[in-house]
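The structure file input-v5.txt is reproduced below (compact mmCIF, C-alpha atoms and all ligand atoms).
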```txt
# COMPACT_ATOMS: atom_id res chain seq x y z
CA MET A 1 5.85 15.27 -9.04
CA LEU A 2 9.16 13.59 -8.42
CA LEU A 3 11.18 14.82 -11.37
CA SER A 4 10.80 17.19 -14.30
CA CYS A 5 9.47 15.94 -17.63
CA ALA A 6 12.39 13.92 -18.92
CA PRO A 7 11.48 10.64 -20.62
CA GLY A 8 11.09 7.77 -18.17
CA GLU A 9 14.19 6.94 -16.21
CA ALA A 10 15.09 4.79 -13.26
CA TYR A 11 14.63 6.41 -9.89
CA LYS A 12 18.08 7.33 -8.60
CA ARG A 13 17.66 10.14 -6.13
CA GLY A 14 18.14 9.42 -2.46
CA MET A 15 15.01 11.35 -1.48
CA ILE A 16 13.12 8.42 -0.06
CA ALA A 17 13.90 5.49 2.16
CA LEU A 18 13.78 2.31 0.10
CA ALA A 19 12.47 -0.91 1.56
CA THR A 20 15.09 -3.57 2.13
CA HIS A 21 13.62 -6.16 -0.23
CA LYS A 22 15.60 -7.70 -3.05
CA SER A 23 15.47 -5.52 -6.17
CA ASP A 24 15.37 -7.52 -9.36
CA LYS A 25 13.97 -5.00 -11.84
CA THR A 26 14.78 -1.48 -12.83
CA THR A 27 11.69 0.54 -11.98
CA LEU A 28 11.12 3.42 -14.37
CA VAL A 29 9.54 6.69 -13.32
CA LEU A 30 7.20 7.90 -16.06
CA HIS A 31 5.64 11.35 -16.09
CA ALA A 32 1.95 11.83 -16.68
CA GLN A 33 2.52 15.17 -18.44
CA CYS A 34 4.75 13.56 -21.14
CA ASP A 35 2.91 11.97 -24.08
CA GLU A 36 5.90 9.65 -24.73
CA ASP A 37 5.72 8.42 -21.16
CA ILE A 38 1.98 7.73 -21.37
CA ALA A 39 2.66 5.77 -24.57
CA GLN A 40 5.40 3.82 -22.80
CA ALA A 41 3.05 3.13 -19.89
CA GLY A 42 0.54 1.69 -22.36
CA ASP A 43 3.27 -0.50 -23.90
CA ILE A 44 4.21 -1.86 -20.48
CA LEU A 45 0.59 -2.88 -19.86
CA ARG A 46 0.24 -4.42 -23.34
CA ARG A 47 3.42 -6.47 -22.80
CA GLY A 48 2.00 -7.85 -19.56
CA GLY A 49 4.14 -5.67 -17.27
CA LEU A 50 3.39 -4.10 -13.88
CA LEU A 51 2.69 -0.39 -13.80
CA ALA A 52 1.80 1.68 -10.74
CA VAL A 53 -0.84 4.21 -11.73
CA PRO A 54 -2.39 7.25 -10.08
CA THR A 55 -6.07 7.11 -9.18
CA GLU A 56 -8.09 9.69 -7.30
CA THR A 57 -8.09 7.43 -4.19
CA VAL A 58 -4.62 5.87 -3.89
CA TYR A 59 -1.99 4.63 -6.37
CA GLY A 60 -2.84 1.24 -7.86
CA LEU A 61 -0.54 -1.52 -9.10
CA ALA A 62 -1.97 -2.23 -12.55
CA ALA A 63 -1.77 -5.09 -15.00
CA ASP A 64 -3.89 -6.13 -18.00
CA ALA A 65 -6.86 -7.86 -16.35
CA SER A 66 -7.33 -10.23 -19.29
CA ASN A 67 -3.74 -11.53 -18.97
CA ALA A 68 -3.60 -14.11 -16.17
CA GLU A 69 0.22 -14.21 -16.05
CA ALA A 70 0.45 -10.43 -15.76
CA VAL A 71 -2.12 -10.43 -12.95
CA LYS A 72 -0.25 -13.20 -11.10
CA ALA A 73 2.82 -10.96 -11.06
CA ILE A 74 0.85 -8.36 -9.04
CA PHE A 75 0.48 -10.87 -6.20
CA THR A 76 4.20 -11.69 -6.27
CA ALA A 77 5.29 -8.04 -6.28
CA LYS A 78 3.04 -7.17 -3.32
CA GLY A 79 3.51 -10.40 -1.39
CA ARG A 80 -0.31 -10.63 -1.42
CA PRO A 81 -2.09 -13.93 -0.71
CA ALA A 82 -3.67 -15.42 -3.84
CA ASP A 83 -7.14 -15.54 -2.25
CA HIS A 84 -7.49 -11.75 -2.13
CA PRO A 85 -9.40 -10.71 -5.27
CA LEU A 86 -8.55 -7.58 -7.27
CA ILE A 87 -10.65 -4.65 -8.45
CA VAL A 88 -10.81 -4.16 -12.23
CA HIS A 89 -10.68 -0.54 -13.39
CA ILE A 90 -12.63 0.29 -16.53
CA ALA A 91 -12.80 3.25 -18.90
CA SER A 92 -16.57 3.65 -19.11
CA VAL A 93 -19.93 2.46 -17.84
CA ASP A 94 -20.34 0.56 -21.12
CA ALA A 95 -17.38 -1.65 -20.21
CA LEU A 96 -19.32 -3.06 -17.24
CA ALA A 97 -20.94 -5.66 -19.49
CA ARG A 98 -17.54 -6.98 -20.60
CA TRP A 99 -16.62 -8.01 -17.05
CA ALA A 100 -19.93 -8.67 -15.29
CA VAL A 101 -23.21 -10.50 -16.02
CA ASN A 102 -26.77 -10.16 -14.70
CA ILE A 103 -26.11 -6.48 -14.04
CA PRO A 104 -29.10 -4.97 -12.19
CA PRO A 105 -30.44 -1.60 -13.40
CA LEU A 106 -29.41 -0.13 -10.04
CA ALA A 107 -25.75 -0.72 -10.93
CA TYR A 108 -26.19 1.60 -13.90
CA GLU A 109 -27.95 4.17 -11.72
CA LEU A 110 -25.14 4.10 -9.17
CA ALA A 111 -22.53 4.31 -11.92
CA ALA A 112 -24.35 7.31 -13.39
CA ALA A 113 -24.36 8.98 -9.96
CA PHE A 114 -20.83 8.17 -8.74
CA TRP A 115 -18.61 7.28 -11.71
CA PRO A 116 -16.00 8.18 -12.51
CA GLY A 117 -15.26 8.04 -8.81
CA PRO A 118 -14.42 6.11 -5.64
CA LEU A 119 -17.20 3.48 -5.68
CA THR A 120 -16.43 -0.19 -6.45
CA LEU A 121 -19.41 -2.36 -7.40
CA LEU A 122 -19.32 -6.10 -6.72
CA LEU A 123 -21.31 -7.89 -9.43
CA PRO A 124 -21.53 -11.46 -10.77
CA ARG A 125 -18.43 -11.99 -12.90
CA ALA A 126 -18.39 -12.81 -16.60
CA ALA A 127 -17.10 -16.28 -17.50
CA SER A 128 -14.20 -14.80 -19.50
CA VAL A 129 -12.59 -13.15 -16.46
CA PRO A 130 -9.39 -14.98 -15.48
CA ASP A 131 -9.79 -16.78 -12.13
CA VAL A 132 -6.70 -15.12 -10.73
CA VAL A 133 -8.42 -11.70 -10.85
CA THR A 134 -11.35 -12.71 -8.65
CA ALA A 135 -9.42 -15.32 -6.66
CA GLY A 136 -11.89 -17.84 -8.03
CA ARG A 137 -14.92 -15.99 -6.64
CA ALA A 138 -18.23 -15.68 -8.44
CA SER A 139 -18.17 -11.88 -8.13
CA ILE A 140 -15.96 -9.17 -9.55
CA GLY A 141 -15.18 -5.69 -8.22
CA LEU A 142 -15.44 -2.97 -10.87
CA ARG A 143 -14.89 0.74 -10.83
CA MET A 144 -14.33 3.62 -13.23
CA PRO A 145 -11.65 5.79 -11.61
CA ALA A 146 -11.77 9.59 -11.69
CA HIS A 147 -8.10 10.25 -12.47
CA PRO A 148 -7.72 11.76 -15.97
CA VAL A 149 -4.35 10.09 -16.56
CA LEU A 150 -5.59 6.60 -15.76
CA LEU A 151 -8.79 7.15 -17.73
CA ARG A 152 -6.70 8.18 -20.73
CA LEU A 153 -4.55 5.04 -20.39
CA LEU A 154 -7.64 2.84 -20.14
CA GLN A 155 -9.16 4.49 -23.20
CA GLU A 156 -5.96 4.33 -25.26
CA THR A 157 -5.23 0.69 -24.45
CA GLY A 158 -8.88 -0.42 -24.50
CA MET A 159 -8.08 -2.51 -21.44
CA GLY A 160 -9.55 -3.16 -18.06
CA VAL A 161 -6.73 -3.15 -15.52
CA ALA A 162 -6.66 -5.15 -12.33
CA ALA A 163 -5.14 -2.94 -9.65
CA PRO A 164 -4.86 -3.32 -5.90
CA SER A 165 -3.30 -0.49 -3.92
CA ALA A 166 0.40 -0.21 -4.87
CA ASN A 167 1.91 -1.15 -1.50
CA PRO A 168 3.51 -4.27 -0.05
CA TYR A 169 0.86 -6.49 1.58
CA LYS A 170 -0.61 -5.03 4.80
CA ARG A 171 1.23 -1.74 4.51
CA LEU A 172 -0.18 1.73 4.01
CA SER A 173 -1.55 2.54 0.59
CA PRO A 174 0.54 5.10 -1.32
CA THR A 175 -0.85 8.48 -2.30
CA SER A 176 2.21 9.63 -4.28
CA ALA A 177 4.70 8.10 -6.71
CA ALA A 178 7.48 8.49 -4.13
CA GLN A 179 5.52 6.37 -1.64
CA VAL A 180 4.99 3.69 -4.31
CA LEU A 181 8.75 3.54 -4.85
CA ALA A 182 9.44 3.42 -1.13
CA GLY A 183 7.60 0.10 -1.02
CA LEU A 184 7.96 -1.45 -4.48
CA ASN A 185 11.08 -0.04 -6.18
CA GLY A 186 12.83 -2.88 -8.01
CA ARG A 187 9.72 -5.09 -7.98
CA ILE A 188 7.62 -3.40 -10.68
CA ASP A 189 8.33 -2.15 -14.20
CA ALA A 190 7.33 1.47 -13.73
CA VAL A 191 5.37 4.04 -11.81
CA LEU A 192 3.41 6.65 -13.72
CA ASP A 193 3.72 9.82 -11.65
CA GLY A 194 0.45 11.73 -11.78
CA GLY A 195 0.99 13.78 -8.63
CA ASP A 196 -0.66 13.40 -5.22
CA CYS A 197 -4.00 11.58 -4.96
CA GLN A 198 -6.89 13.96 -4.36
CA VAL A 199 -9.11 11.70 -2.23
CA GLY A 200 -6.43 9.81 -0.31
CA LEU A 201 -8.47 6.80 0.99
CA GLU A 202 -9.53 3.64 -0.87
CA SER A 203 -12.88 3.36 -2.65
CA THR A 204 -16.15 2.28 -1.05
CA ILE A 205 -16.91 -1.37 -1.91
CA LEU A 206 -20.62 -2.14 -2.41
CA ASP A 207 -21.74 -5.76 -2.73
CA MET A 208 -24.67 -5.93 -5.15
CA THR A 209 -24.70 -9.71 -5.57
CA GLY A 210 -27.20 -10.51 -2.78
CA GLU A 211 -30.70 -9.46 -1.77
CA GLU A 212 -29.36 -6.61 0.34
CA LEU A 213 -26.99 -3.84 -0.64
CA ARG A 214 -23.97 -4.25 1.63
CA ILE A 215 -20.95 -2.01 2.07
CA LEU A 216 -17.94 -4.30 2.51
CA ARG A 217 -15.44 -1.46 2.89
CA SER A 218 -16.38 2.07 3.92
CA GLY A 219 -15.04 4.72 1.64
CA PRO A 220 -15.46 8.21 0.28
CA VAL A 221 -18.95 7.45 -1.10
CA THR A 222 -21.06 7.00 2.04
CA ALA A 223 -23.89 4.56 2.82
CA ALA A 224 -26.28 7.51 3.01
CA GLN A 225 -25.31 8.73 -0.46
CA ILE A 226 -25.83 5.26 -1.93
CA ALA A 227 -29.14 4.80 -0.10
CA GLU A 228 -30.39 8.06 -1.53
CA VAL A 229 -29.79 6.94 -5.11
CA ALA A 230 -30.98 3.37 -4.45
CA GLY A 231 -34.11 4.44 -2.62
CA ARG A 232 -33.54 1.67 -0.10
CA GLU A 233 -31.46 0.78 2.91
CA VAL A 234 -27.76 -0.04 2.67
CA GLN A 235 -26.21 -2.40 5.23
CA THR A 236 -22.76 -1.84 6.66
CA PRO A 237 -21.98 -5.12 8.45
CA LEU A 238 -19.22 -4.97 11.04
CA GLN A 239 -18.05 -8.51 10.40
CA HIS A 240 -17.34 -9.06 6.76
CA ASP A 241 -13.88 -10.57 6.74
CA VAL A 242 -15.09 -13.56 4.80
CA ALA A 243 -16.50 -11.54 1.95
CA VAL A 244 -13.51 -9.24 1.60
CA PRO A 245 -10.31 -11.12 2.37
CA GLY A 246 -8.36 -7.87 2.42
CA ASN A 247 -10.49 -6.72 5.30
CA VAL A 248 -8.36 -8.49 7.87
CA ALA A 249 -8.27 -6.68 11.18
CA VAL A 250 -4.63 -5.70 10.84
CA HIS A 251 -4.06 -3.86 7.59
CA TYR A 252 -3.04 -0.48 6.21
CA GLN A 253 -0.24 -0.27 8.75
CA PRO A 254 2.73 2.03 9.14
CA ARG A 255 5.89 0.28 10.40
CA THR A 256 5.98 2.52 13.46
CA PRO A 257 3.38 1.49 16.07
CA LEU A 258 0.34 3.77 15.83
CA PHE A 259 -1.87 4.59 18.82
CA VAL A 260 -5.19 6.34 18.39
CA ALA A 261 -6.45 8.05 21.54
CA GLU A 262 -8.21 11.07 22.94
CA ARG A 263 -6.33 14.37 22.89
CA GLU A 264 -5.27 14.33 26.57
CA GLN A 265 -3.71 10.90 26.23
CA VAL A 266 -1.88 11.90 23.06
CA LEU A 267 -0.47 14.99 24.76
CA ALA A 268 0.49 12.95 27.82
CA ALA A 269 2.44 10.53 25.60
CA ARG A 270 4.31 13.44 24.08
CA HIS A 271 5.01 14.84 27.51
CA ALA A 272 6.39 11.51 28.71
CA ARG A 273 8.41 10.50 25.65
CA GLY A 274 9.37 13.87 24.09
CA GLU A 275 10.85 13.77 20.57
CA ARG A 276 10.80 9.97 20.48
CA VAL A 277 7.12 9.98 19.63
CA ALA A 278 5.19 11.90 16.99
CA VAL A 279 1.83 13.42 17.80
CA VAL A 280 -0.86 14.01 15.22
CA LEU A 281 -3.44 16.52 16.46
CA LEU A 282 -6.65 17.94 15.10
CA GLY A 283 -6.30 21.69 14.55
CA GLY A 284 -3.65 23.63 16.51
CA THR A 285 -0.41 22.43 18.06
CA ALA A 286 -1.80 22.81 21.61
CA GLY A 287 1.17 24.98 22.56
CA LEU A 288 3.73 22.36 21.56
CA PRO A 289 6.86 23.67 19.81
CA GLU A 290 6.50 22.91 16.09
CA SER A 291 8.75 20.14 14.85
CA ALA A 292 8.77 17.33 12.30
CA SER A 293 7.04 15.13 14.83
CA VAL A 294 4.19 17.49 15.76
CA VAL A 295 1.57 17.43 13.02
CA CYS A 296 -1.76 19.26 12.80
CA MET A 297 -4.48 17.66 10.72
CA PRO A 298 -7.24 19.53 8.90
CA ALA A 299 -10.63 19.52 10.64
CA GLN A 300 -12.62 18.96 7.43
CA LYS A 301 -13.10 15.33 6.44
CA PRO A 302 -12.00 15.49 2.75
CA ALA A 303 -8.79 17.36 3.60
CA TYR A 304 -8.15 15.05 6.57
CA ALA A 305 -8.57 11.95 4.40
CA GLN A 306 -6.29 13.35 1.73
CA ALA A 307 -3.54 14.06 4.28
CA LEU A 308 -3.83 10.91 6.43
CA TYR A 309 -1.70 8.34 4.56
CA ARG A 310 0.82 10.97 3.49
CA THR A 311 1.27 12.03 7.11
CA LEU A 312 1.69 8.44 8.31
CA HIS A 313 4.13 7.66 5.49
CA GLU A 314 6.22 10.71 6.35
CA LEU A 315 6.27 10.00 10.09
CA ASP A 316 7.18 6.40 9.33
CA THR A 317 10.52 7.56 7.88
CA LEU A 318 11.58 9.26 11.15
CA ALA A 319 12.47 6.07 13.06
CA LEU A 320 10.25 7.02 16.00
CA GLU A 321 9.16 4.85 18.90
CA ALA A 322 5.46 5.46 18.22
CA ILE A 323 2.93 7.70 16.52
CA TRP A 324 0.13 9.00 18.77
CA LEU A 325 -2.87 10.26 16.83
CA GLU A 326 -5.82 12.20 18.22
CA ARG A 327 -9.06 10.35 17.45
CA PRO A 328 -11.01 12.27 14.81
CA PRO A 329 -14.68 13.19 15.33
CA ARG A 330 -17.29 10.41 15.23
CA ALA A 331 -19.29 12.56 12.84
CA ASP A 332 -21.22 11.62 9.71
CA GLY A 333 -19.02 10.91 6.73
CA TRP A 334 -15.95 9.88 8.76
CA ALA A 335 -16.65 6.12 8.71
CA ASP A 336 -13.84 5.35 6.24
CA VAL A 337 -11.27 7.28 8.28
CA HIS A 338 -12.25 5.38 11.45
CA ASP A 339 -12.22 2.07 9.56
CA ARG A 340 -8.66 2.59 8.30
CA LEU A 341 -7.41 3.88 11.67
CA ASN A 342 -8.91 0.86 13.44
CA ARG A 343 -6.94 -1.45 11.17
CA ALA A 344 -3.74 0.57 11.32
CA ALA A 345 -3.66 1.11 15.09
CA SER A 346 -2.09 -1.02 17.80
CA PRO A 347 -4.16 -1.69 20.95
CA LEU A 348 -3.60 0.83 23.72
O1 LIG A 401 -9.56 2.85 -4.19
C1 LIG A 401 -9.36 1.66 -4.39
O2 LIG A 401 -10.25 0.78 -4.30
C2 LIG A 401 -7.92 1.25 -4.75
C3 LIG A 401 -7.57 1.89 -6.09
C4 LIG A 401 -6.23 1.45 -6.62
O3 LIG A 401 -8.58 1.62 -7.02
N1 LIG A 401 -7.80 -0.17 -4.81
C5 LIG A 401 -7.76 -0.94 -3.71
O4 LIG A 401 -7.56 -2.29 -4.00
O5 LIG A 401 -7.86 -0.51 -2.58
P1 LIG A 401 -7.13 -3.35 -2.88
O6 LIG A 401 -6.93 -4.63 -3.62
O7 LIG A 401 -5.98 -2.84 -2.12
O8 LIG A 401 -8.42 -3.48 -2.01
C6 LIG A 401 -9.58 -4.04 -2.61
C7 LIG A 401 -10.37 -4.84 -1.63
C8 LIG A 401 -9.62 -6.04 -1.09
O9 LIG A 401 -9.91 -6.11 0.30
C9 LIG A 401 -10.25 -7.22 -1.84
O10 LIG A 401 -10.23 -8.40 -1.08
C10 LIG A 401 -11.65 -6.71 -2.09
O11 LIG A 401 -11.50 -5.34 -2.34
N2 LIG A 401 -12.27 -7.31 -3.28
C11 LIG A 401 -11.95 -7.13 -4.57
N3 LIG A 401 -12.70 -7.91 -5.38
C12 LIG A 401 -13.54 -8.58 -4.57
C13 LIG A 401 -14.55 -9.57 -4.77
N4 LIG A 401 -14.86 -10.02 -5.98
N5 LIG A 401 -15.20 -10.06 -3.67
C14 LIG A 401 -14.90 -9.63 -2.44
N6 LIG A 401 -13.95 -8.72 -2.18
C15 LIG A 401 -13.27 -8.20 -3.22
MG MG A 402 -4.92 -2.45 -0.49
```

Structure rendered as structure tokens:
Amino acid sequence: MLLSCAPGEAYKRGMIALATHKSDKTTLVLHAQCDEDIAQAGDILRRGGLLAVPTETVYGLAADASNAEAVKAIFTAKGRPADHPLIVHIASVDALARWAVNIPPLAYELAAAFWPGPLTLLLPRAASVPDVVTAGRASIGLRMPAHPVLLRLLQETGMGVAAPSANPYKRLSPTSAAQVLAGLNGRIDAVLDGGDCQVGLESTILDMTGEELRILRSGPVTAAQIAEVAGREVQTPLQHDVAVPGNVAVHYQPRTPLFVAEREQVLAARHARGERVAVVLLGGTAGLPESASVVCMPAQKPAYAQALYRTLHELDTLALEAIWLERPPRADGWADVHDRLNRAASPL
């Protein structure tokens, strides 16, 4: 948490590097453990404001999904193109029918298996959904998040909230309130600080609108897990930029150039450039003297995923020439990590 439980206040401490954009709002920091702050967060949403919220994956930038003006403001705050649709977060499986139509029984089976949790289902949208949410598309992305604070807000307000990741367009998703502020302070009404995100990478997106089940973005729920519940094959097409506009090749980027390479090449870069580059290694510092720019990542996938964006955010504040990261294993269950690294990395 950033601060102790004092009612919401503007962020004043100099703990984080603020982006150099124009600040035109006072961004409040609200605390998830304060009932008054949760109530204030609900008021902000009801008034059509922008509230960054914790989810189990990454922080989201939320607005009332039934309020087109409020949703438009999300695009402005992030600098996001209007043709990139948003995911709507709902409080329960029952709420699916408010936002989607022609819902196949399998959607309910997948929701029963993986919700609340990091699986977004693309379904045919209901006519009442404002166009701005789906960028005019015929489908809508829906998920019930597993963060207790956001679930409470959704239940108390009775809303669905549209929420992309709470970062400026193309940048790394935030996994803490401090990272949200580093990118969006002065552009949003408040951030609700619910601590660090447990999962750390964005949800799996499953397109259920066609004949085939297709994963449009790899995530914490794997193709194999979905196939097991579905009892049939799940496609993971490599080229799906058209279906998911946010899936552009360059995305999720730190400001510092990131190179992903085998261990020897990473160590050679460190040897050549010294403290001007950071190295991110898997298990053990390989005899390097420990410093802010020598980072060891956990070998287990869940812990690695949880640490990845935080590590890149932290290294990004050090004004380094480059970040060299050891390529993680090509093992089962790591597809989402490789997907994000491929988008974040510069060519060697
Ligand atoms: O874990 C997550 O999914 C996080 C948290 C906040 O829930 N959200 C997130 O949202 O990552 P965002 O907007 O940063 O990424 C969602 C992706 C975008 O690439 C968007 O284009 C795609 O999902 N998407 C959303 N609705 C869609 C739709 N109807 N059709 C195709 N793609 C869609
Ligand atoms: Mg995003």

Write out as a tab-separated table a residue-level contact list of chain A versus ligand MG 402 (chain A) with cut-off 7 Å: for each qualifying residue the closest pair of atoms and the distance in Å to one decimal, counting all atoms listed in the file, rows sorted by chain and residue number upward.
```
residue	atom	partner	partner_atom	distance
A:Pro164	CA	A:MG402	MG	5.5
A:Ser165	CA	A:MG402	MG	4.3
A:Ser173	CA	A:MG402	MG	6.1
```

The selected residues should be written to file as a PDB file, in the frame of the given file (atoms: C-alpha atoms).
```
ATOM      1  CA  PRO A 164      -4.860  -3.320  -5.900  1.00  0.00           C
ATOM      2  CA  SER A 165      -3.300  -0.490  -3.920  1.00  0.00           C
ATOM      3  CA  SER A 173      -1.550   2.540   0.590  1.00  0.00           C
TER       4      SER A 173
END
```

Point to revise | ligand LIG 401 (chain A) neighbours within 8 Å using all atoms listed in the file, as JSON, numbers by chain | key: {"A": [53, 54, 55, 56, 57, 58, 59, 60, 61, 83, 84, 85, 86, 87, 89, 118, 119, 120, 122, 123, 133, 134, 135, 137, 138, 139, 140, 141, 142, 143, 145, 163, 164, 165, 166, 173, 201, 202, 203, 204, 205, 207, 216, 217, 243, 244, 245, 246, 247]}

Up to 9 Å from (-13.8, 5.1, 3.9) in the file's coordinates: name the residues, counting all atoms listed in the file, as a tab-separated table (two decimals) with C-alpha atoms, in the frame of the given file.
```
chain	number	residue	atom	x	y	z
A	201	LEU	CA	-8.47	6.80	0.99
A	202	GLU	CA	-9.53	3.64	-0.87
A	203	SER	CA	-12.88	3.36	-2.65
A	204	THR	CA	-16.15	2.28	-1.05
A	217	ARG	CA	-15.44	-1.46	2.89
A	218	SER	CA	-16.38	2.07	3.92
A	219	GLY	CA	-15.04	4.72	1.64
A	220	PRO	CA	-15.46	8.21	0.28
A	221	VAL	CA	-18.95	7.45	-1.10
A	222	THR	CA	-21.06	7.00	2.04
A	305	ALA	CA	-8.57	11.95	4.40
A	333	GLY	CA	-19.02	10.91	6.73
A	334	TRP	CA	-15.95	9.88	8.76
A	335	ALA	CA	-16.65	6.12	8.71
A	336	ASP	CA	-13.84	5.35	6.24
A	337	VAL	CA	-11.27	7.28	8.28
A	338	HIS	CA	-12.25	5.38	11.45
A	339	ASP	CA	-12.22	2.07	9.56
A	340	ARG	CA	-8.66	2.59	8.30
```

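Closest approach to A:Gln306 among A:Leu258, A:Leu348, A:Ala63, A:Cys197 is made by A:Cys197 (distances from all atoms listed in the file).
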
**Study point:** Two-atom distance - atom CA of A:Gln198, atom CA of A:Pro148 (Å)
**Key:** 11.8 Å

Exercise for review: Identify which of the residues A:Glu211, A:Glu264, A:Thr285, A:Val199 lies closest to A:Arg310, counting only C-alpha atoms when measuring atom-to-atom distances.
Suggested key: A:Val199

Practice item. Go ahead and find all residues with at least one atom no further than 12 Å from (-18.7, 4.6, -22.0) in the file's coordinates, using only C-alpha atoms; report them as an MDAnalysis selection string. Key: chainID A and resid 90:98 108 111:112 115:116 144 151 154:155 158

Revision key, fill the gap. Counting only C-alpha atoms, the residue among A:Ala100, A:Ala62, A:Ile38, A:Ile74 that lies closest to A:Asp193 is A:Ile38

Give me the box for stretch 138-152 of chain A as AutoDock Vina command-line options, namely the centre and edge lengths in Å to one decimal of a box along x, y and z that holds every listed atom plus 8 Å on each side.
```
--center_x -11.3 --center_y -2.0 --center_z -14.4 --size_x 29.9 --size_y 43.4 --size_z 28.6
```

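Comparing A:Ala227, A:Ala65, A:Ile44, A:Val234 by their smallest distance to A:Gly210, the closest is A:Val234 (using all atoms listed in the file).
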
Check your understanding: Pick from A:Leu51, A:Met208, A:Ala162, A:Ile103: nearest to A:Pro130, with all atoms listed in the file counted?
Key -> A:Ala162

Might you pull out every residue within 12 Å of A:Ala307, with all atoms listed in the file counted and same-chain residues fewer than 3 positions away left off, and present them as an mmCIF file with C-alpha atoms, in the coordinates of the input?
```
data_model
loop_
_atom_site.group_PDB
_atom_site.id
_atom_site.type_symbol
_atom_site.label_atom_id
_atom_site.label_comp_id
_atom_site.auth_asym_id
_atom_site.auth_seq_id
_atom_site.Cartn_x
_atom_site.Cartn_y
_atom_site.Cartn_z
ATOM 1 C CA THR A 57 -8.090 7.430 -4.190
ATOM 2 C CA VAL A 58 -4.620 5.870 -3.890
ATOM 3 C CA PRO A 174 0.540 5.100 -1.320
ATOM 4 C CA THR A 175 -0.850 8.480 -2.300
ATOM 5 C CA SER A 176 2.210 9.630 -4.280
ATOM 6 C CA ASP A 196 -0.660 13.400 -5.220
ATOM 7 C CA CYS A 197 -4.000 11.580 -4.960
ATOM 8 C CA GLN A 198 -6.890 13.960 -4.360
ATOM 9 C CA VAL A 199 -9.110 11.700 -2.230
ATOM 10 C CA GLY A 200 -6.430 9.810 -0.310
ATOM 11 C CA LEU A 201 -8.470 6.800 0.990
ATOM 12 C CA VAL A 280 -0.860 14.010 15.220
ATOM 13 C CA LEU A 282 -6.650 17.940 15.100
ATOM 14 C CA VAL A 295 1.570 17.430 13.020
ATOM 15 C CA CYS A 296 -1.760 19.260 12.800
ATOM 16 C CA MET A 297 -4.480 17.660 10.720
ATOM 17 C CA PRO A 298 -7.240 19.530 8.900
ATOM 18 C CA ALA A 299 -10.630 19.520 10.640
ATOM 19 C CA GLN A 300 -12.620 18.960 7.430
ATOM 20 C CA LYS A 301 -13.100 15.330 6.440
ATOM 21 C CA PRO A 302 -12.000 15.490 2.750
ATOM 22 C CA ALA A 303 -8.790 17.360 3.600
ATOM 23 C CA TYR A 304 -8.150 15.050 6.570
ATOM 24 C CA ARG A 310 0.820 10.970 3.490
ATOM 25 C CA THR A 311 1.270 12.030 7.110
ATOM 26 C CA LEU A 312 1.690 8.440 8.310
ATOM 27 C CA HIS A 313 4.130 7.660 5.490
ATOM 28 C CA GLU A 314 6.220 10.710 6.350
ATOM 29 C CA VAL A 337 -11.270 7.280 8.280
#
```

Can you complete the atoms of stretch 98-108 of chain A to N, CA and C atoms and list them as a PDB file, in the frame of the given file?
```
ATOM      1  N   ARG A  98     -18.628  -6.096 -20.169  1.00  0.00           N
ATOM      2  CA  ARG A  98     -17.540  -6.980 -20.600  1.00  0.00           C
ATOM      3  C   ARG A  98     -17.047  -7.856 -19.440  1.00  0.00           C
ATOM      4  N   TRP A  99     -17.219  -7.340 -18.219  1.00  0.00           N
ATOM      5  CA  TRP A  99     -16.620  -8.010 -17.050  1.00  0.00           C
ATOM      6  C   TRP A  99     -17.646  -8.654 -16.126  1.00  0.00           C
ATOM      7  N   ALA A 100     -18.902  -8.175 -16.212  1.00  0.00           N
ATOM      8  CA  ALA A 100     -19.930  -8.670 -15.290  1.00  0.00           C
ATOM      9  C   ALA A 100     -21.143  -9.166 -16.070  1.00  0.00           C
ATOM     10  N   VAL A 101     -21.955 -10.013 -15.410  1.00  0.00           N
ATOM     11  CA  VAL A 101     -23.210 -10.500 -16.020  1.00  0.00           C
ATOM     12  C   VAL A 101     -24.354 -10.238 -15.033  1.00  0.00           C
ATOM     13  N   ASN A 102     -25.574 -10.395 -15.537  1.00  0.00           N
ATOM     14  CA  ASN A 102     -26.770 -10.160 -14.700  1.00  0.00           C
ATOM     15  C   ASN A 102     -26.667  -8.829 -13.955  1.00  0.00           C
ATOM     16  N   ILE A 103     -26.329  -7.795 -14.681  1.00  0.00           N
ATOM     17  CA  ILE A 103     -26.110  -6.480 -14.040  1.00  0.00           C
ATOM     18  C   ILE A 103     -27.470  -5.831 -13.757  1.00  0.00           C
ATOM     19  N   PRO A 104     -27.785  -5.556 -12.491  1.00  0.00           N
ATOM     20  CA  PRO A 104     -29.100  -4.970 -12.190  1.00  0.00           C
ATOM     21  C   PRO A 104     -29.133  -3.502 -12.644  1.00  0.00           C
ATOM     22  N   PRO A 105     -30.332  -3.011 -12.983  1.00  0.00           N
ATOM     23  CA  PRO A 105     -30.440  -1.600 -13.400  1.00  0.00           C
ATOM     24  C   PRO A 105     -29.848  -0.650 -12.373  1.00  0.00           C
ATOM     25  N   LEU A 106     -29.947  -1.012 -11.077  1.00  0.00           N
ATOM     26  CA  LEU A 106     -29.410  -0.130 -10.040  1.00  0.00           C
ATOM     27  C   LEU A 106     -27.896   0.098 -10.203  1.00  0.00           C
ATOM     28  N   ALA A 107     -27.195  -0.904 -10.727  1.00  0.00           N
ATOM     29  CA  ALA A 107     -25.750  -0.720 -10.930  1.00  0.00           C
ATOM     30  C   ALA A 107     -25.509   0.433 -11.905  1.00  0.00           C
ATOM     31  N   TYR A 108     -26.336   0.505 -12.934  1.00  0.00           N
ATOM     32  CA  TYR A 108     -26.190   1.600 -13.900  1.00  0.00           C
ATOM     33  C   TYR A 108     -26.564   2.946 -13.271  1.00  0.00           C
TER      34      TYR A 108
END
```
